[in-house]
There are 2 protein chains.
Amino acid sequence: MARRPAAGTRIPSIKDVAAAAQVSVGTVSNVLNRPELVSPATRDRVERTMADLGFVRNESARQLRAGTSRTLAYVMLDASNPFFTDVARGIEEAADELDLSLFLCNSNSRASRESSHLARLQQQRVQGILITPVDAESEGLAEIARRGTPVVVVDRTRRDADLCSVSVDDRRGGRLAVEHLIELGHRRIAFVGGPLSIGQVRDRIDGARAAWRAANRPADALVHVPTDALTVADGTAAGARLLAQSSRRRPTAVFCANDLVALGVLRAALQAGLRVPDDVAIVGYDDIDFAAAAAIPLTSVRQPRVELGRTAARLVIDEATNVAHEHQQVVFEPDLVTRASTLGVR
Amino acid sequence: MARRPAAGTRIPSIKDVAAAAQVSVGTVSNVLNRPELVSPATRDRVERTMADLGFVRNESARQLRAGTSRTLAYVMLDASNPFFTDVARGIEEAADELDLSLFLCNSNSRASRESSHLARLQQQRVQGILITPVDAESEGLAEIARRGTPVVVVDRTRRDADLCSVSVDDRRGGRLAVEHLIELGHRRIAFVGGPLSIGQVRDRIDGARAAWRAANRPADALVHVPTDALTVADGTAAGARLLAQSSRRRPTAVFCANDLVALGVLRAALQAGLRVPDDVAIVGYDDIDFAAAAAIPLTSVRQPRVELGRTAARLVIDEATNVAHEHQQVVFEPDLVTRASTLGVR
DNA sequence: AGGCGCCGTTGAAACTTTTCAAGTGAGGCC
DNA sequence: GGCCTCACTTGAAAAGTTTCAACGGCGCCT
């Protein structure tokens, strides 16, 4: 087979290829980048030599010369939440179309991890950064954009329009969920989720309260049960606490800040021997695949996750390449997907 | 506040900083890399200038000089399977300790996406590649290692020891699951999962059959119900088909190739009005968080996911930095976590 | 006073690729 | 034969950082 460098040997550079193929480095570079300029005979010889030597282009050198990389990055809030992996899939699709690589980073909801990722991405001179930030109003994000790396906020709206953002109307989503419960005749409901430092949680409960008020229901008939995080475990714990109350005090419906929490509450309800939705109805948020697949399929507020990612990627690329770029705040509309957890078997 | 380059201006380089701070580029570099060599006064001045100008180190140039990057990459088989995001978390932890970044890529079980990711990672001169490959025996992986980028196979064992690999004994896991079912007295069981091109699936069913044989149960009392992929949807479909049979023919227990499939089967069982585990017991594989959180908590074969990732990361770093490195095949032992889906409420 | 060593700083080389102006040589035309 | 054109190839410069040998002062010792 082909000759190959012995283990431990330096990876051959364009120079080595040039020497072996008896041409200049310029020609080798042309074979790589503008093959039509090179005579077929030379091209063949160079290509064979590259294969022979096991040549691999050095992206750093390219990038140094070009001044920019062919990479996008998405800093996710929580890689173990399927919602964000779906958003990532949308970004990936858009990146693929333009032959850009995608760097996925996970901040795990921690500001310190987030900022170390951001520092690294700037140093790598990525074409653009997509981020679902711990704090959407952070001045640091604008600072990065000012220094030349486009930044798009995903799944949050930024108050002042100094950055692009793509989000879903969470207030509306909260309203949709609660209007559905009102229509079904529920008179005592709970909102489970937290912490309130997460903007998404704030907006969803705001929307829920607005709908509740609009239907003239007393404010204290909508209780907020806070959780430390939006996880299944926290949902289970909060659900168990909430549903342990006597049936006269217990809410007849629970609206959860996301599907992970809702799955936890569902589990707590079934463990407590309650029937869903007869004893307690449950509404989730995000409509992740597990929601439809739950033991009792969850009614949930659907967000266009993949679309969210795809749009964000397009915006960041526009900002990186189009001089006439103007910042946009794209807001998608959520919709309600009704399933057995509120409707029962039909 | 600080002076900053106008929008659209080139990011300042070390040279610009040197000029502004009235020192040589060497000194600026020293401030960055060996600050103890620089007098406090100069260091201060340079640091202030860097902040003023908004200097951001150019990683490409660094890398070009150094010949290698401070980055690890993990090519995952399926980013939407929580098992792999947990493995990724383990890798991340190990990478963090060494101040390496982690590049997450998703092959989505497609060989073409996998190889384009691999090509890109080589060009980026990553320190090492961790991969859960579509095909663990692929010659391409060894080729990459031969060209100088360490490769570690995650969650698969490689037959010939030309690469490091970290995996869990899937055959053993299959045996554990079926031994548990035999102990509970089940005499007709099913294995749900596919395709068989996935090594993990092959090994798990092999282990299951071995345990079944060892207990002298007839081979045809363990049926294999194949699926196209290891997803909740495929599990639901296969489960519905399987459990629609008359109670005399229907298996009394189902062992699934992973938890996603098991959650699907569980859903199908509940929808068919069957009681779990009284009418049908279910065993999953992976013990992802959703397994414990399911409506009927799933008995599952636990794998040390985070540990898997952490070990793989350590191996790849050892290979990258230690000249005396020797390839290893690390095999972890799975264990069975029993829950309500086989035991009922206790 | 002359020599030595030390501290802090300097300037140039190197890493690999891309780009581009300039060069070579063959072939055609007058 | 001399000149032009065309196709192809060349060599050097440039990108930003790190490293390292060398240098200039300064204080100390003899």
# chains A, B, ... in the order shown; residues from 1 in each chain; ligands from 1

$ interface_residues --of "chain D" --to "chain A" --cutoff "10 Å" --atoms "only C-alpha atoms (C1' of nucleotides)" --output "list in words"
DA7, DC8, DT9, DT10, DG11, DA14, DA15 and DG16 of chain D

$ interface_residues --of "chain C" --to "chain B" --cutoff "12 Å" --atoms "only C-alpha atoms (C1' of nucleotides)" --output "PDB file with N, CA, C and O atoms (P, O5', C5', C4', C3', O3' and C1' of nucleotides), in the first residue's frame"
ATOM      1  P    DC C   7      18.335  37.036  38.452  1.00  0.00           P
ATOM      2  O5'  DC C   7      17.554  38.316  37.907  1.00  0.00           O
ATOM      3  C5'  DC C   7      17.839  39.603  38.456  1.00  0.00           C
ATOM      4  C4'  DC C   7      17.217  40.648  37.552  1.00  0.00           C
ATOM      5  C3'  DC C   7      15.876  40.227  36.958  1.00  0.00           C
ATOM      6  O3'  DC C   7      14.938  41.257  37.220  1.00  0.00           O
ATOM      7  C1'  DC C   7      17.384  40.903  35.225  1.00  0.00           C
ATOM      8  P    DG C   8      13.403  41.077  36.827  1.00  0.00           P
ATOM      9  O5'  DG C   8      13.388  41.788  35.397  1.00  0.00           O
ATOM     10  C5'  DG C   8      13.786  43.155  35.317  1.00  0.00           C
ATOM     11  C4'  DG C   8      13.838  43.575  33.868  1.00  0.00           C
ATOM     12  C3'  DG C   8      12.572  43.260  33.071  1.00  0.00           C
ATOM     13  O3'  DG C   8      12.130  44.497  32.535  1.00  0.00           O
ATOM     14  C1'  DG C   8      14.515  42.519  31.903  1.00  0.00           C
ATOM     15  P    DT C   9      10.880  44.552  31.523  1.00  0.00           P
ATOM     16  O5'  DT C   9      11.592  44.414  30.123  1.00  0.00           O
ATOM     17  C5'  DT C   9      12.511  45.428  29.721  1.00  0.00           C
ATOM     18  C4'  DT C   9      13.148  45.039  28.411  1.00  0.00           C
ATOM     19  C3'  DT C   9      12.167  44.817  27.261  1.00  0.00           C
ATOM     20  O3'  DT C   9      12.318  45.895  26.347  1.00  0.00           O
ATOM     21  C1'  DT C   9      13.916  43.187  27.295  1.00  0.00           C
ATOM     22  P    DT C  10      11.417  45.948  25.042  1.00  0.00           P
ATOM     23  O5'  DT C  10      12.396  45.257  24.003  1.00  0.00           O
ATOM     24  C5'  DT C  10      13.671  45.828  23.766  1.00  0.00           C
ATOM     25  C4'  DT C  10      14.439  44.948  22.810  1.00  0.00           C
ATOM     26  C3'  DT C  10      13.750  44.741  21.469  1.00  0.00           C
ATOM     27  O3'  DT C  10      14.571  45.303  20.470  1.00  0.00           O
ATOM     28  C1'  DT C  10      14.565  42.681  22.372  1.00  0.00           C
ATOM     29  P    DG C  11      13.947  45.836  19.120  1.00  0.00           P
ATOM     30  O5'  DG C  11      14.373  44.665  18.120  1.00  0.00           O
ATOM     31  C5'  DG C  11      15.719  44.192  18.170  1.00  0.00           C
ATOM     32  C4'  DG C  11      15.817  42.913  17.377  1.00  0.00           C
ATOM     33  C3'  DG C  11      14.951  42.886  16.126  1.00  0.00           C
ATOM     34  O3'  DG C  11      15.763  42.360  15.084  1.00  0.00           O
ATOM     35  C1'  DG C  11      14.424  41.026  17.526  1.00  0.00           C
ATOM     36  P    DA C  12      15.272  42.255  13.613  1.00  0.00           P
ATOM     37  O5'  DA C  12      15.501  40.690  13.361  1.00  0.00           O
ATOM     38  C5'  DA C  12      16.534  40.011  14.090  1.00  0.00           C
ATOM     39  C4'  DA C  12      16.320  38.518  13.987  1.00  0.00           C
ATOM     40  C3'  DA C  12      15.646  38.062  12.694  1.00  0.00           C
ATOM     41  O3'  DA C  12      16.164  36.786  12.366  1.00  0.00           O
ATOM     42  C1'  DA C  12      14.311  37.424  14.497  1.00  0.00           C
ATOM     43  P    DA C  13      15.984  36.184  10.903  1.00  0.00           P
ATOM     44  O5'  DA C  13      15.597  34.664  11.220  1.00  0.00           O
ATOM     45  C5'  DA C  13      16.278  33.979  12.282  1.00  0.00           C
ATOM     46  C4'  DA C  13      15.400  32.847  12.772  1.00  0.00           C
ATOM     47  C3'  DA C  13      14.698  32.067  11.655  1.00  0.00           C
ATOM     48  O3'  DA C  13      14.759  30.684  11.977  1.00  0.00           O
ATOM     49  C1'  DA C  13      13.098  32.856  13.174  1.00  0.00           C
ATOM     50  P    DA C  14      14.517  29.574  10.851  1.00  0.00           P
ATOM     51  O5'  DA C  14      13.168  28.855  11.299  1.00  0.00           O
ATOM     52  C5'  DA C  14      13.049  28.295  12.608  1.00  0.00           C
ATOM     53  C4'  DA C  14      11.591  28.137  12.930  1.00  0.00           C
ATOM     54  C3'  DA C  14      10.748  27.598  11.763  1.00  0.00           C
ATOM     55  O3'  DA C  14      10.292  26.288  12.056  1.00  0.00           O
ATOM     56  C1'  DA C  14       9.678  29.414  12.881  1.00  0.00           C
ATOM     57  P    DC C  15       9.790  25.384  10.818  1.00  0.00           P
ATOM     58  O5'  DC C  15       8.342  24.882  11.278  1.00  0.00           O
ATOM     59  C5'  DC C  15       7.895  24.940  12.612  1.00  0.00           C
ATOM     60  C4'  DC C  15       6.430  25.315  12.658  1.00  0.00           C
ATOM     61  C3'  DC C  15       5.686  25.108  11.336  1.00  0.00           C
ATOM     62  O3'  DC C  15       5.064  23.825  11.345  1.00  0.00           O
ATOM     63  C1'  DC C  15       5.098  27.197  12.394  1.00  0.00           C
ATOM     64  P    DT C  16       5.053  22.971   9.923  1.00  0.00           P
ATOM     65  O5'  DT C  16       3.839  23.625   9.128  1.00  0.00           O
ATOM     66  C5'  DT C  16       2.521  23.473   9.607  1.00  0.00           C
ATOM     67  C4'  DT C  16       1.612  24.329   8.767  1.00  0.00           C
ATOM     68  C3'  DT C  16       1.596  23.960   7.288  1.00  0.00           C
ATOM     69  O3'  DT C  16       0.287  23.519   6.990  1.00  0.00           O
ATOM     70  C1'  DT C  16       1.739  26.316   7.602  1.00  0.00           C
ATOM     71  P    DT C  17      -0.078  22.974   5.485  1.00  0.00           P
ATOM     72  O5'  DT C  17      -0.780  24.243   4.825  1.00  0.00           O
ATOM     73  C5'  DT C  17      -1.958  24.746   5.404  1.00  0.00           C
ATOM     74  C4'  DT C  17      -2.201  26.167   4.968  1.00  0.00           C
ATOM     75  C3'  DT C  17      -2.501  26.346   3.479  1.00  0.00           C
ATOM     76  O3'  DT C  17      -3.905  26.526   3.368  1.00  0.00           O
ATOM     77  C1'  DT C  17      -1.075  28.084   4.356  1.00  0.00           C
TER      78       DT C  17
END

$ interface_residues --of "chain B" --to "chain A" --cutoff "8 Å" --atoms "only C-alpha atoms" --output "mmCIF file with N, CA and C atoms, in the first residue's frame"
data_model
loop_
_atom_site.group_PDB
_atom_site.id
_atom_site.type_symbol
_atom_site.label_atom_id
_atom_site.label_comp_id
_atom_site.auth_asym_id
_atom_site.auth_seq_id
_atom_site.Cartn_x
_atom_site.Cartn_y
_atom_site.Cartn_z
ATOM 1 N N PRO B 5 -11.876 49.490 19.578
ATOM 2 C CA PRO B 5 -11.850 49.665 18.131
ATOM 3 C C PRO B 5 -13.268 49.894 17.630
ATOM 4 N N ALA B 7 -16.517 49.563 15.331
ATOM 5 C CA ALA B 7 -17.093 48.361 14.723
ATOM 6 C C ALA B 7 -16.505 48.145 13.335
ATOM 7 N N GLY B 8 -16.198 46.933 12.994
ATOM 8 C CA GLY B 8 -15.666 46.645 11.666
ATOM 9 C C GLY B 8 -14.164 46.713 11.615
ATOM 10 N N ILE B 11 -9.479 43.031 14.765
ATOM 11 C CA ILE B 11 -9.155 42.754 16.162
ATOM 12 C C ILE B 11 -7.674 43.035 16.364
ATOM 13 N N GLY B 54 -8.989 45.825 23.826
ATOM 14 C CA GLY B 54 -9.880 44.688 23.604
ATOM 15 C C GLY B 54 -9.161 43.558 22.907
ATOM 16 N N VAL B 56 -7.794 40.031 22.009
ATOM 17 C CA VAL B 56 -8.176 38.626 22.207
ATOM 18 C C VAL B 56 -7.149 37.763 21.493
ATOM 19 N N ARG B 57 -6.480 36.923 22.246
ATOM 20 C CA ARG B 57 -5.496 36.003 21.687
ATOM 21 C C ARG B 57 -6.009 35.268 20.465
ATOM 22 N N ASN B 58 -5.192 35.100 19.490
ATOM 23 C CA ASN B 58 -5.578 34.359 18.295
ATOM 24 C C ASN B 58 -5.125 32.903 18.425
ATOM 25 N N GLU B 59 -6.106 32.066 18.671
ATOM 26 C CA GLU B 59 -5.816 30.662 18.936
ATOM 27 C C GLU B 59 -5.173 29.961 17.728
ATOM 28 N N SER B 60 -5.554 30.370 16.530
ATOM 29 C CA SER B 60 -4.980 29.706 15.342
ATOM 30 C C SER B 60 -3.479 29.892 15.289
ATOM 31 N N ALA B 61 -3.070 31.111 15.541
ATOM 32 C CA ALA B 61 -1.643 31.408 15.461
ATOM 33 C C ALA B 61 -0.881 30.635 16.528
ATOM 34 N N GLN B 63 -1.770 27.862 17.869
ATOM 35 C CA GLN B 63 -1.810 26.467 17.512
ATOM 36 C C GLN B 63 -0.818 26.157 16.411
ATOM 37 N N LEU B 64 -0.764 27.066 15.465
ATOM 38 C CA LEU B 64 0.135 26.875 14.336
ATOM 39 C C LEU B 64 1.557 26.733 14.852
ATOM 40 N N ALA B 79 -27.009 12.377 19.698
ATOM 41 C CA ALA B 79 -27.033 13.412 20.732
ATOM 42 C C ALA B 79 -28.367 13.458 21.462
ATOM 43 N N SER B 80 -29.399 12.857 20.891
ATOM 44 C CA SER B 80 -30.685 12.958 21.570
ATOM 45 C C SER B 80 -30.919 11.775 22.503
ATOM 46 N N PRO B 82 -30.022 10.374 25.962
ATOM 47 C CA PRO B 82 -29.390 10.866 27.199
ATOM 48 C C PRO B 82 -28.174 10.048 27.611
ATOM 49 N N THR B 85 -25.261 11.884 26.182
ATOM 50 C CA THR B 85 -24.959 13.186 26.780
ATOM 51 C C THR B 85 -24.336 12.987 28.159
ATOM 52 N N ASP B 86 -24.698 11.886 28.827
ATOM 53 C CA ASP B 86 -24.052 11.617 30.112
ATOM 54 C C ASP B 86 -22.590 11.222 29.927
ATOM 55 N N SER B 101 -10.615 22.264 25.871
ATOM 56 C CA SER B 101 -12.008 22.427 25.444
ATOM 57 C C SER B 101 -12.504 21.120 24.855
ATOM 58 N N LEU B 102 -13.794 20.998 24.845
ATOM 59 C CA LEU B 102 -14.398 19.806 24.262
ATOM 60 C C LEU B 102 -15.313 20.203 23.121
ATOM 61 N N PHE B 103 -15.074 19.593 21.987
ATOM 62 C CA PHE B 103 -15.827 19.782 20.767
ATOM 63 C C PHE B 103 -16.809 18.623 20.685
ATOM 64 N N LEU B 104 -18.106 18.878 20.745
ATOM 65 C CA LEU B 104 -19.070 17.788 20.617
ATOM 66 C C LEU B 104 -19.594 17.725 19.191
ATOM 67 N N CYS B 105 -19.554 16.546 18.599
ATOM 68 C CA CYS B 105 -20.108 16.374 17.259
ATOM 69 C C CYS B 105 -21.135 15.262 17.304
ATOM 70 N N ARG B 120 -12.722 16.861 9.473
ATOM 71 C CA ARG B 120 -12.585 18.207 10.005
ATOM 72 C C ARG B 120 -11.751 18.235 11.276
ATOM 73 N N GLN B 122 -9.417 16.229 12.191
ATOM 74 C CA GLN B 122 -7.989 16.043 11.889
ATOM 75 C C GLN B 122 -7.379 17.339 11.400
ATOM 76 N N GLN B 123 -8.108 18.027 10.545
ATOM 77 C CA GLN B 123 -7.593 19.295 10.022
ATOM 78 C C GLN B 123 -7.403 20.310 11.147
ATOM 79 N N GLN B 124 -8.247 20.216 12.147
ATOM 80 C CA GLN B 124 -8.130 21.148 13.262
ATOM 81 C C GLN B 124 -7.016 20.750 14.206
ATOM 82 N N ARG B 125 -6.411 19.600 13.959
ATOM 83 C CA ARG B 125 -5.324 19.114 14.809
ATOM 84 C C ARG B 125 -5.758 19.013 16.263
ATOM 85 N N ARG B 146 -2.907 6.407 13.096
ATOM 86 C CA ARG B 146 -1.589 6.250 12.474
ATOM 87 C C ARG B 146 -1.066 7.601 11.986
ATOM 88 N N ARG B 147 -1.966 8.461 11.587
ATOM 89 C CA ARG B 147 -1.539 9.775 11.107
ATOM 90 C C ARG B 147 -1.273 10.742 12.238
ATOM 91 N N GLY B 148 -1.432 10.278 13.468
ATOM 92 C CA GLY B 148 -0.978 11.117 14.572
ATOM 93 C C GLY B 148 -2.031 11.669 15.495
ATOM 94 N N VAL B 232 -37.866 5.761 21.163
ATOM 95 C CA VAL B 232 -39.121 5.551 21.864
ATOM 96 C C VAL B 232 -40.216 5.144 20.863
ATOM 97 N N ALA B 233 -40.257 5.841 19.749
ATOM 98 C CA ALA B 233 -41.316 5.579 18.766
ATOM 99 C C ALA B 233 -41.238 4.140 18.261
ATOM 100 N N LEU B 263 -39.055 2.444 27.254
ATOM 101 C CA LEU B 263 -40.098 3.424 27.555
ATOM 102 C C LEU B 263 -41.223 3.317 26.529
ATOM 103 N N GLY B 264 -40.846 3.054 25.292
ATOM 104 C CA GLY B 264 -41.852 2.855 24.255
ATOM 105 C C GLY B 264 -42.710 1.627 24.531
ATOM 106 N N LEU B 266 -43.186 0.195 27.379
ATOM 107 C CA LEU B 266 -43.996 0.472 28.573
ATOM 108 C C LEU B 266 -45.254 1.237 28.190
ATOM 109 N N ARG B 267 -45.066 2.200 27.351
ATOM 110 C CA ARG B 267 -46.197 2.997 26.924
ATOM 111 C C ARG B 267 -47.224 2.135 26.186
ATOM 112 N N LEU B 270 -49.171 -0.031 28.680
ATOM 113 C CA LEU B 270 -50.199 0.685 29.429
ATOM 114 C C LEU B 270 -51.368 1.044 28.528
ATOM 115 N N GLN B 271 -51.043 1.396 27.284
ATOM 116 C CA GLN B 271 -52.115 1.748 26.357
ATOM 117 C C GLN B 271 -52.984 0.541 26.034
ATOM 118 N N PHE B 290 -34.420 9.118 32.799
ATOM 119 C CA PHE B 290 -35.833 8.939 32.487
ATOM 120 C C PHE B 290 -36.337 7.560 32.900
ATOM 121 N N ALA B 293 -37.522 7.695 36.306
ATOM 122 C CA ALA B 293 -38.586 8.680 36.400
ATOM 123 C C ALA B 293 -39.839 8.270 35.637
ATOM 124 N N ALA B 294 -39.806 7.103 35.007
ATOM 125 C CA ALA B 294 -40.960 6.687 34.217
ATOM 126 C C ALA B 294 -42.163 6.463 35.120
ATOM 127 N N ALA B 295 -43.342 6.422 34.503
ATOM 128 C CA ALA B 295 -44.585 6.228 35.251
ATOM 129 C C ALA B 295 -44.473 4.979 36.112
ATOM 130 N N ILE B 296 -44.008 3.905 35.511
ATOM 131 C CA ILE B 296 -43.620 2.725 36.277
ATOM 132 C C ILE B 296 -42.102 2.688 36.187
#

$ atom_distance --atom1 "CA of Trp212 in chain A" --atom2 "CA of Phe191 in chain A"
11.6 Å

$ select_by_dssp --residues "range 210-333 of chain A" --states "strand (DSSP E or B)" --output "ChimeraX atom specification"
/A:222-225,253-256,281-286,299-302,329-332

$ atom_distance --atom1 "CA of Asp169 in chain A" --atom2 "CA of Ala257 in chain A"
13.6 Å

$ select_by_dssp --residues "range 30-208 of chain A" --states "helix (DSSP H, G or I)" --output "PyMOL selection string"
chain A and resi 30-33+35-37+40-53+59-66+82-97+111-123+139-146+170-183+199-208

$ residues_around --residues "range 171-182 of chain B" --least-positions-apart "5" --cutoff "7 Å" --atoms "only C-alpha atoms (C1' of nucleotides)" --output "VMD selection string"
chain B and resid 203 to 208 210 to 212 283 301 334 to 336

$ atom_distance --atom1 "CA of Gly90 in chain B" --atom2 "CA of Arg310 in chain B"
4.5 Å

$ closest_residue --among "A:Arg241, A:Arg339, A:Arg48, A:Arg302" --to "Asn258 in chain A" --atoms "only C-alpha atoms"
A:Arg302
